[in-house]
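Here is final-v2.cif, consisting of mmCIF, C-alpha atoms:
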data_my_file
#
loop_
_atom_site.label_atom_id
_atom_site.label_comp_id
_atom_site.auth_asym_id
_atom_site.auth_seq_id
_atom_site.Cartn_x
_atom_site.Cartn_y
_atom_site.Cartn_z
CA MET A 1 -6.93 14.72 26.12
CA ASN A 2 -3.64 13.73 24.46
CA LYS A 3 -4.36 11.81 21.27
CA ARG A 4 -1.84 8.98 21.34
CA ILE A 5 -1.86 6.69 18.31
CA ALA A 6 0.23 3.59 17.64
CA GLU A 7 0.99 2.79 14.00
CA VAL A 8 2.08 -0.86 13.77
CA ILE A 9 3.92 -1.50 10.53
CA PRO A 10 5.44 -4.57 8.81
CA LEU A 11 9.17 -5.02 9.34
CA MET A 12 10.23 -5.93 5.80
CA ASN A 13 11.42 -2.37 5.07
CA THR A 14 12.30 0.74 7.00
CA ILE A 15 9.90 3.66 7.16
CA PRO A 16 10.33 5.49 4.91
CA PRO A 17 11.63 2.73 2.63
CA GLU A 18 15.02 3.37 1.09
CA LYS A 19 13.52 2.76 -2.34
CA TYR A 20 10.59 0.42 -3.04
CA GLY A 21 7.79 0.09 -0.50
CA GLY A 22 4.07 0.77 -0.82
CA ILE A 23 2.78 0.00 2.68
CA GLU A 24 5.67 1.88 4.23
CA LEU A 25 5.04 4.98 2.10
CA ILE A 26 1.40 5.13 3.16
CA ALA A 27 2.28 4.52 6.82
CA GLN A 28 4.87 7.29 6.56
CA GLU A 29 2.34 9.77 5.20
CA LEU A 30 -0.19 8.88 7.91
CA SER A 31 2.37 9.14 10.70
CA LEU A 32 3.79 12.45 9.53
CA GLY A 33 0.40 13.88 8.64
CA PHE A 34 -1.14 13.18 12.04
CA ALA A 35 1.96 14.19 13.94
CA LYS A 36 1.70 17.58 12.26
CA LYS A 37 -1.96 17.74 13.33
CA GLY A 38 -0.86 17.40 16.96
CA TYR A 39 -1.39 13.68 17.53
CA LYS A 40 1.30 11.82 19.46
CA ILE A 41 2.41 8.99 17.21
CA GLY A 42 4.29 5.84 18.15
CA VAL A 43 5.57 3.87 15.15
CA PHE A 44 6.42 0.20 15.67
CA CYS A 45 8.95 -0.46 12.91
CA ALA A 46 12.27 -1.92 11.78
CA LYS A 47 15.58 -0.50 12.95
CA GLY A 48 16.91 2.09 10.52
CA SER A 49 13.57 3.86 10.21
CA LYS A 50 13.72 7.64 10.34
CA LEU A 51 10.74 9.96 10.69
CA LYS A 52 11.79 13.42 11.73
CA GLU A 53 8.83 14.99 13.46
CA VAL A 54 8.59 16.19 17.05
CA ASN A 55 5.43 14.20 17.81
CA ILE A 56 6.76 10.87 16.50
CA ASN A 57 8.45 8.21 18.60
CA LEU A 58 9.95 5.18 16.83
CA ILE A 59 9.71 1.83 18.61
CA GLU A 60 12.18 -0.51 16.92
CA SER A 61 10.94 -4.09 16.77
CA SER A 62 13.61 -5.75 14.63
CA PRO A 63 17.40 -5.17 14.41
CA TYR A 64 17.18 -4.69 10.63
CA PRO A 65 14.59 -4.65 7.82
CA THR A 66 13.67 -8.31 7.56
CA ILE A 67 13.89 -8.32 3.76
CA GLN A 68 17.58 -8.86 4.55
CA ASP A 69 16.76 -12.26 6.10
CA LEU A 70 13.21 -13.40 5.45
CA SER A 71 13.73 -16.53 7.56
CA LYS A 72 13.69 -14.27 10.63
CA ASN A 73 10.66 -12.18 9.64
CA ARG A 74 8.11 -14.16 11.65
CA LYS A 75 10.31 -14.14 14.73
CA PHE A 76 10.52 -10.37 14.68
CA GLU A 77 6.82 -9.96 13.86
CA ILE A 78 6.05 -11.83 17.09
CA ASN A 79 8.50 -9.57 18.90
CA GLU A 80 6.71 -6.53 17.49
CA PHE A 81 3.30 -7.79 18.64
CA LEU A 82 4.67 -8.48 22.12
CA LYS A 83 6.04 -4.93 22.23
CA VAL A 84 2.59 -3.65 21.31
CA LEU A 85 1.06 -5.54 24.24
CA SER A 86 3.69 -4.32 26.69
CA ASN A 87 3.22 -0.68 25.59
CA GLN A 88 -0.58 -0.56 25.67
CA SER A 89 -0.73 2.02 28.43
CA ASP A 90 1.18 4.51 26.26
CA PHE A 91 -1.52 4.73 23.56
CA ASP A 92 -5.22 5.46 23.14
CA PHE A 93 -5.70 3.17 20.17
CA PHE A 94 -3.75 1.01 17.76
CA HIS A 95 -3.68 1.20 13.97
CA PHE A 96 -2.39 -2.06 12.49
CA HIS A 97 -1.04 -2.25 8.96
CA PHE A 98 -1.23 -6.05 9.19
CA GLU A 99 -4.29 -8.10 8.40
CA PRO A 100 -5.65 -10.02 11.43
CA ILE A 101 -4.59 -13.46 10.20
CA VAL A 102 -0.97 -12.38 10.58
CA LEU A 103 -1.61 -11.73 14.27
CA ASN A 104 -2.92 -15.28 14.70
CA CYS A 105 -0.61 -17.75 16.44
CA GLU A 106 -0.57 -21.27 17.74
CA VAL A 107 1.47 -22.41 20.75
CA ASP A 108 1.27 -26.00 22.03
CA SER A 109 -1.80 -26.59 19.82
CA ILE A 110 -3.55 -23.60 21.38
CA GLU A 111 -4.67 -21.00 18.85
CA PHE A 112 -4.87 -17.35 19.83
CA ASN A 113 -4.80 -13.92 18.24
CA PHE A 114 -2.75 -11.05 19.64
CA LEU A 115 -5.71 -8.73 19.04
CA ASN A 116 -7.57 -10.56 21.83
CA PHE A 117 -5.12 -9.16 24.36
CA ILE A 118 -5.40 -5.51 23.35
CA ASN A 119 -7.70 -3.56 25.64
CA LYS A 120 -7.72 -0.39 23.54
CA PRO A 121 -9.68 0.38 20.34
CA VAL A 122 -8.15 -1.10 17.19
CA LEU A 123 -8.18 -0.02 13.54
CA ILE A 124 -6.86 -2.39 10.88
CA THR A 125 -5.93 -1.48 7.31
CA PHE A 126 -5.72 -4.24 4.73
CA HIS A 127 -2.92 -3.49 2.28
CA ASN A 128 -2.54 -6.85 0.54
CA THR A 129 -4.86 -8.93 -1.61
CA THR A 130 -7.99 -10.33 0.02
CA HIS A 131 -8.77 -12.73 -2.83
CA ILE A 132 -7.34 -15.76 -1.00
CA GLY A 133 -9.86 -18.49 -0.29
CA LYS A 134 -8.31 -19.85 2.90
CA HIS A 135 -8.08 -16.34 4.35
CA ILE A 136 -11.71 -15.60 3.52
CA ASN A 137 -12.76 -18.84 5.22
CA PHE A 138 -10.62 -17.96 8.24
CA TYR A 139 -12.40 -14.61 8.66
CA LYS A 140 -15.83 -16.17 8.22
CA LYS A 141 -15.00 -18.71 10.92
CA HIS A 142 -13.38 -16.31 13.42
CA LYS A 143 -16.30 -14.02 14.11
CA ASN A 144 -14.55 -12.55 17.14
CA LEU A 145 -12.56 -10.55 14.59
CA TRP A 146 -15.70 -8.89 13.24
CA GLN A 147 -15.75 -6.44 16.17
CA TYR A 148 -12.88 -4.33 14.87
CA ASN A 149 -12.86 -1.37 12.50
CA TYR A 150 -11.38 -2.13 9.09
CA VAL A 151 -10.09 -0.06 6.20
CA PHE A 152 -9.79 -1.41 2.68
CA ILE A 153 -7.87 0.50 0.04
CA SER A 154 -10.28 -0.24 -2.82
CA GLU A 155 -13.79 -1.56 -3.39
CA ASN A 156 -12.34 -4.56 -5.19
CA GLN A 157 -10.18 -5.39 -2.18
CA LYS A 158 -13.15 -5.05 0.18
CA GLU A 159 -15.49 -7.28 -1.85
CA PRO A 160 -14.37 -10.73 -0.54
CA LEU A 161 -14.61 -9.50 3.08
CA LYS A 162 -17.68 -7.30 2.81
CA PHE A 163 -19.23 -9.32 5.65
CA PHE A 164 -17.09 -7.36 8.12
CA PRO A 165 -19.68 -4.99 9.65
CA ASN A 166 -17.36 -2.08 10.53
CA SER A 167 -15.46 -1.42 7.32
CA SER A 168 -14.68 1.53 5.08
CA VAL A 169 -12.84 2.11 1.82
CA ILE A 170 -10.14 4.77 1.89
CA TYR A 171 -8.07 5.14 -1.25
CA ASN A 172 -4.34 5.62 -0.86
CA GLY A 173 -3.16 9.17 -1.42
CA VAL A 174 0.04 10.96 -2.40
CA ASP A 175 1.42 14.39 -1.64
CA ILE A 176 0.92 15.72 -5.13
CA LYS A 177 3.26 18.67 -4.50
CA ARG A 178 6.17 16.20 -4.55
CA PHE A 179 5.29 14.96 -8.04
CA VAL A 180 6.51 17.09 -10.94
CA PHE A 181 3.93 17.53 -13.68
CA LYS A 182 5.15 17.45 -17.28
CA ASN A 183 2.75 18.18 -20.10
CA LYS A 184 5.00 16.84 -22.87
CA GLN A 185 4.99 13.11 -23.46
CA GLY A 186 8.18 11.09 -23.59
CA ASP A 187 9.19 8.33 -25.98
CA TYR A 188 9.63 5.24 -23.77
CA LEU A 189 7.38 2.89 -21.87
CA LEU A 190 7.98 2.41 -18.15
CA PHE A 191 7.62 -0.60 -15.87
CA LEU A 192 7.98 0.48 -12.25
CA GLY A 193 8.00 -1.34 -8.92
CA ARG A 194 9.00 -4.97 -8.46
CA ILE A 195 10.09 -7.71 -10.83
CA THR A 196 7.92 -10.72 -10.12
CA ASP A 197 5.74 -12.84 -12.37
CA PHE A 198 2.34 -11.66 -11.12
CA LYS A 199 3.26 -8.00 -11.64
CA GLY A 200 3.42 -8.74 -15.37
CA ILE A 201 7.03 -7.96 -16.25
CA LEU A 202 7.10 -10.53 -19.07
CA GLU A 203 3.86 -9.12 -20.46
CA ALA A 204 5.34 -5.60 -20.30
CA ILE A 205 8.28 -6.77 -22.43
CA GLN A 206 5.89 -8.40 -24.91
CA ILE A 207 3.85 -5.20 -25.13
CA ALA A 208 6.93 -3.08 -25.78
CA LYS A 209 8.07 -5.40 -28.57
CA LEU A 210 4.64 -5.45 -30.21
CA ALA A 211 4.41 -1.65 -30.02
CA ASN A 212 8.04 -1.29 -31.18
CA LYS A 213 8.82 0.99 -28.24
CA LYS A 214 11.70 1.17 -25.82
CA LEU A 215 10.89 -0.18 -22.36
CA VAL A 216 12.63 1.09 -19.24
CA ILE A 217 12.37 -1.26 -16.26
CA ALA A 218 12.87 0.55 -12.93
CA ALA A 219 12.23 -2.15 -10.39
CA LYS A 220 13.66 -4.17 -7.55
CA VAL A 221 14.27 -7.90 -7.44
CA ASP A 222 13.48 -9.49 -4.09
CA PRO A 223 15.54 -12.51 -3.01
CA THR A 224 12.52 -14.76 -3.59
CA ASP A 225 12.34 -13.60 -7.23
CA GLU A 226 16.03 -13.84 -8.17
CA ASP A 227 15.63 -17.21 -9.88
CA PHE A 228 12.64 -15.95 -11.91
CA TYR A 229 14.59 -12.84 -12.90
CA ASN A 230 17.71 -14.76 -13.94
CA ARG A 231 15.86 -17.43 -15.93
CA LYS A 232 12.97 -15.51 -17.47
CA VAL A 233 13.68 -11.77 -17.49
CA LYS A 234 17.42 -11.19 -17.72
CA PRO A 235 17.80 -12.97 -21.10
CA LEU A 236 15.27 -10.53 -22.59
CA ILE A 237 17.16 -7.38 -21.51
CA ASP A 238 19.27 -6.07 -24.38
CA GLY A 239 20.20 -2.65 -22.98
CA VAL A 240 18.82 -0.92 -26.06
CA LYS A 241 15.11 -1.62 -26.51
CA ILE A 242 14.63 -3.37 -23.16
CA VAL A 243 16.61 -1.48 -20.53
CA TYR A 244 16.90 -2.41 -16.85
CA VAL A 245 18.00 0.43 -14.57
CA GLY A 246 17.51 -1.38 -11.25
CA GLU A 247 15.65 -0.22 -8.18
CA VAL A 248 15.24 3.56 -7.98
CA ASP A 249 14.85 6.09 -5.17
CA PHE A 250 12.09 8.69 -5.01
CA ASN A 251 13.81 11.40 -7.07
CA GLN A 252 14.85 8.93 -9.75
CA LYS A 253 11.31 7.57 -9.83
CA ILE A 254 9.91 11.03 -10.52
CA GLU A 255 12.34 11.54 -13.39
CA TYR A 256 11.43 8.25 -15.03
CA LEU A 257 7.70 8.81 -14.50
CA LYS A 258 7.41 12.35 -15.81
CA ASN A 259 9.47 11.61 -18.93
CA ALA A 260 7.67 8.42 -19.93
CA LEU A 261 5.21 7.99 -22.77
CA CYS A 262 3.12 5.86 -20.43
CA LEU A 263 3.31 3.48 -17.50
CA LEU A 264 2.68 -0.20 -18.19
CA PHE A 265 0.74 -2.07 -15.52
CA PRO A 266 -0.05 -5.53 -16.99
CA ILE A 267 -0.81 -7.23 -13.68
CA LYS A 268 -1.84 -10.88 -13.43
CA TRP A 269 -3.35 -10.74 -9.93
CA ASP A 270 -5.97 -8.81 -7.98
CA GLU A 271 -3.85 -5.79 -7.10
CA PRO A 272 -5.47 -4.10 -4.06
CA PHE A 273 -4.51 -0.61 -5.19
CA GLY A 274 -1.41 0.05 -7.29
CA LEU A 275 0.34 3.12 -5.90
CA THR A 276 2.43 3.52 -9.04
CA LEU A 277 -0.78 4.24 -10.98
CA ILE A 278 -1.50 7.43 -9.10
CA GLU A 279 2.19 8.36 -8.96
CA ALA A 280 2.34 8.19 -12.75
CA MET A 281 -0.86 10.16 -13.25
CA ALA A 282 0.32 12.79 -10.75
CA CYS A 283 3.22 13.44 -13.13
CA GLY A 284 0.79 13.64 -16.05
CA THR A 285 1.80 10.24 -17.39
CA PRO A 286 -1.03 8.03 -18.71
CA VAL A 287 -1.36 4.36 -17.80
CA VAL A 288 -1.97 1.25 -19.87
CA ALA A 289 -3.14 -1.40 -17.42
CA PHE A 290 -4.80 -4.79 -17.36
CA ASP A 291 -8.31 -4.85 -15.94
CA ARG A 292 -7.57 -6.70 -12.72
CA GLY A 293 -8.05 -5.81 -9.07
CA SER A 294 -8.68 -2.11 -8.45
CA VAL A 295 -7.37 -0.83 -11.80
CA ASN A 296 -10.76 0.34 -13.11
CA GLU A 297 -11.35 2.28 -9.87
CA ILE A 298 -8.12 4.22 -10.31
CA VAL A 299 -7.60 4.61 -14.05
CA GLU A 300 -10.42 6.27 -15.99
CA ASP A 301 -10.45 4.39 -19.27
CA ARG A 302 -9.70 6.59 -22.31
CA VAL A 303 -9.36 9.64 -20.04
CA THR A 304 -6.25 8.96 -17.94
CA GLY A 305 -5.10 5.91 -19.86
CA PHE A 306 -6.42 2.65 -21.22
CA VAL A 307 -7.80 -0.32 -19.30
CA VAL A 308 -7.28 -3.45 -21.40
CA THR A 309 -7.46 -7.22 -21.01
CA ASN A 310 -4.46 -8.58 -22.94
CA VAL A 311 -1.09 -7.86 -24.49
CA ASP A 312 -2.44 -7.17 -27.98
CA GLN A 313 -4.95 -4.61 -26.71
CA ALA A 314 -2.21 -2.95 -24.65
CA ALA A 315 0.07 -2.60 -27.67
CA GLU A 316 -2.82 -1.14 -29.67
CA ALA A 317 -3.58 1.31 -26.84
CA ILE A 318 -0.03 2.64 -26.93
CA GLY A 319 -0.68 3.79 -30.47
CA LYS A 320 -3.52 5.93 -29.11
CA ILE A 321 -1.73 7.32 -26.08
CA GLY A 322 -1.42 10.74 -27.69
CA GLN A 323 -5.19 11.10 -27.29
CA ILE A 324 -4.80 11.33 -23.52
CA ASP A 325 -4.68 14.80 -21.99
CA ARG A 326 -1.86 14.67 -19.45
CA ALA A 327 -3.47 17.46 -17.44
CA ARG A 328 -6.53 15.25 -16.91
CA CYS A 329 -4.27 12.60 -15.38
CA ARG A 330 -2.98 15.09 -12.84
CA GLU A 331 -6.48 16.38 -12.11
CA ARG A 332 -7.76 12.88 -11.34
CA VAL A 333 -5.14 12.42 -8.65
CA GLU A 334 -5.83 15.85 -7.20
CA LYS A 335 -9.54 15.07 -6.97
CA HIS A 336 -9.57 11.44 -5.83
CA PHE A 337 -6.14 10.38 -4.56
CA SER A 338 -4.62 13.33 -2.71
CA LEU A 339 -2.83 13.05 0.61
CA GLU A 340 -5.31 15.51 2.15
CA ARG A 341 -8.28 13.37 1.14
CA MET A 342 -6.67 10.26 2.63
CA LEU A 343 -5.74 12.01 5.88
CA ASN A 344 -9.20 13.52 6.30
CA ALA A 345 -10.89 10.15 5.81
CA TYR A 346 -8.59 8.44 8.29
CA GLU A 347 -9.04 11.25 10.80
CA GLN A 348 -12.77 10.59 10.92
CA LEU A 349 -12.02 7.00 11.90
CA TYR A 350 -9.39 8.08 14.40
CA LYS A 351 -11.90 10.42 16.02
CA LYS A 352 -14.48 7.66 16.08
CA LEU A 353 -12.05 5.40 17.95
CA LEU A 354 -11.11 8.18 20.36
CA ALA A 355 -14.80 8.77 21.00
CA LEU A 356 -15.22 5.07 21.72
CA LEU A 357 -12.36 5.15 24.20
CA LEU A 358 -13.75 8.20 25.98
CA HIS A 359 -17.21 6.65 26.04
CA GLN A 360 -15.71 3.66 27.81
CA GLN A 361 -14.20 6.08 30.28
CA GLY A 362 -17.51 7.92 30.73
CA ILE A 363 -16.38 11.07 28.89
CA HIS A 364 -18.41 12.64 26.05
CA PHE A 365 -16.58 13.32 22.80
CA SER A 366 -18.19 14.23 19.47
CA TYR A 367 -16.99 13.44 15.98
CA SER A 368 -18.30 13.71 12.43
CA PRO A 369 -19.21 10.32 10.90
CA LEU A 370 -17.17 9.19 7.96
CA LYS A 371 -18.90 10.10 4.73
CA SER A 372 -18.98 7.46 2.03
#
This structure in structure tokens:
Amino acid sequence: MNKRIAEVIPLMNTIPPEKYGGIELIAQELSLGFAKKGYKIGVFCAKGSKLKEVNINLIESSPYPTIQDLSKNRKFEINEFLKVLSNQSDFDFFHFHFEPIVLNCEVDSIEFNFLNFINKPVLITFHNTTHIGKHINFYKKHKNLWQYNYVFISENQKEPLKFFPNSSVIYNGVDIKRFVFKNKQGDYLLFLGRITDFKGILEAIQIAKLANKKLVIAAKVDPTDEDFYNRKVKPLIDGVKIVYVGEVDFNQKIEYLKNALCLLFPIKWDEPFGLTLIEAMACGTPVVAFDRGSVNEIVEDRVTGFVVTNVDQAAEAIGKIGQIDRARCRERVEKHFSLERMLNAYEQLYKKLLALLLHQQGIHFSYSPLKS
């Protein structure tokens, strides 16, 4: 049987993203990884996406990455979901990188969910925070959504929705061969990702000043955060001790990561995973992070960095960063957050869904259950 999988991805960025993009990077690795395993992959994505692999077919669902015009994002999401419905016969199951509430719509006061119209097995990965009260209440109320298979990317992310009966935790993974390990520590602190208040950029600047260390900020500013950046962040950038280098591509990211003293991750929200944490550790760079979200699942306190609760503790931890063995940082990623581990875990779920499809068709197919 041909194993035909649809990966349905948000349209904010291309796949792979030109620079910043966590969901897109994971979707890219899954699509390429399973295409190389012989699966036929259809990727519903924004125009401009490029995945060069013989078993991958791109199905463009928006004329551009919608980060360029967020007012049109919902319009093109609906278009993407309609394309999924019209292409059902081409796939054996669908893997959504949207949470189910996004697929919920209301037309003429009639509420419906696009998932209700899919007659193939469905797998759904939650990538964003689940600690939103109105979303939790929505999922408790809409028990028809409990039938699907769910993946959460950390235990902390799963906790508010643990009432879903068919759910697993699969940590994000990176291709560690692409991350250059450096055993010698650098002399600057690094803030990497996106400049927005809840990511803790102001706290990172405070920490750097308290520790009397140079801070390099390698991050993008989304249109929705431009006012915050101009009012709160830009006045603090002096180009000497607080340096902003803008958004960086993959190769630039590796250079900044491997040469840093440590990565600062002073988040103020329940981060579901934090891909930059494992990217830093893959380069041997320790992390100083606030104890929110999934941080304590990823960073081993006093082994691969320091898990702290405030700015003062973070500044104090920087003075101890030389105690961290950079090789242990790399080893943690190899053991717990590798691309191979992620692909293997997802493949067990893919096989389970294929077995379900074949069972519906009266054909026997065996698979190994996912091991916790």
Worksheet entry | Neighbour list for range 10-25 of chain A as an MDAnalysis selection string, cut-off 6 Å, all atoms listed in the file, skip fewer than 6 positions in-chain | chainID A and resid 45:46 48:49 65:67 248:249
Worksheet entry | Nearest residue to Glu203 in chain A from the set A:Ala282, A:Ala355, A:Cys262, A:Ile267 (distances using all atoms listed in the file) | A:Ile267
What are the closest atom pairs, with distances in Å to one decimal, for each residue of range 278-317 of chain A lying within 10 Å of range 206-228 of chain A, using all atoms listed in the file, rows by chain and rising residue number, as JSON lines?
{"residue": "A:Asn310", "atom": "CA", "partner": "A:Ile207", "partner_atom": "CA", "distance": 9.2}
{"residue": "A:Val311", "atom": "CA", "partner": "A:Ile207", "partner_atom": "CA", "distance": 5.6}
{"residue": "A:Asp312", "atom": "CA", "partner": "A:Ile207", "partner_atom": "CA", "distance": 7.2}
{"residue": "A:Gln313", "atom": "CA", "partner": "A:Ile207", "partner_atom": "CA", "distance": 9.0}
{"residue": "A:Ala314", "atom": "CA", "partner": "A:Ile207", "partner_atom": "CA", "distance": 6.5}
{"residue": "A:Ala315", "atom": "CA", "partner": "A:Ala211", "partner_atom": "CA", "distance": 5.0}
{"residue": "A:Glu316", "atom": "CA", "partner": "A:Ala211", "partner_atom": "CA", "distance": 7.3}
{"residue": "A:Ala317", "atom": "CA", "partner": "A:Ala211", "partner_atom": "CA", "distance": 9.1}
Worksheet item: Using all atoms listed in the file, what residues lie at most 10 Å away from (7.8, 6.8, 17.6) (file coordinates), given as a list in words?
Response: Ile5, Ala6, Glu7, Ser31, Lys40, Ile41, Gly42, Val43, Phe44, Cys45, Ser49, Lys50, Leu51, Lys52, Glu53, Val54, Asn55, Ile56, Asn57, Leu58, Ile59 and Glu60 of chain A
Worksheet item: Which residues come within 9 Å of Val233 in chain A, counting all atoms listed in the file, excluding same-chain residues fewer than 6 positions away, as an NGL selection string?
Response: :A and (195 or 201-202 or 205)
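Of the listed residues (A:Asp69, A:Lys199, A:Thr125, A:Leu32), A:Thr125 comes nearest to Val8 in chain A; the distances count all atoms listed in the file.
Among the candidates A:Asn73, A:Gln323, A:Asn104, A:Asn156, the residue lying nearest to Phe138 in chain A is A:Asn104 (atoms considered: all atoms listed in the file).
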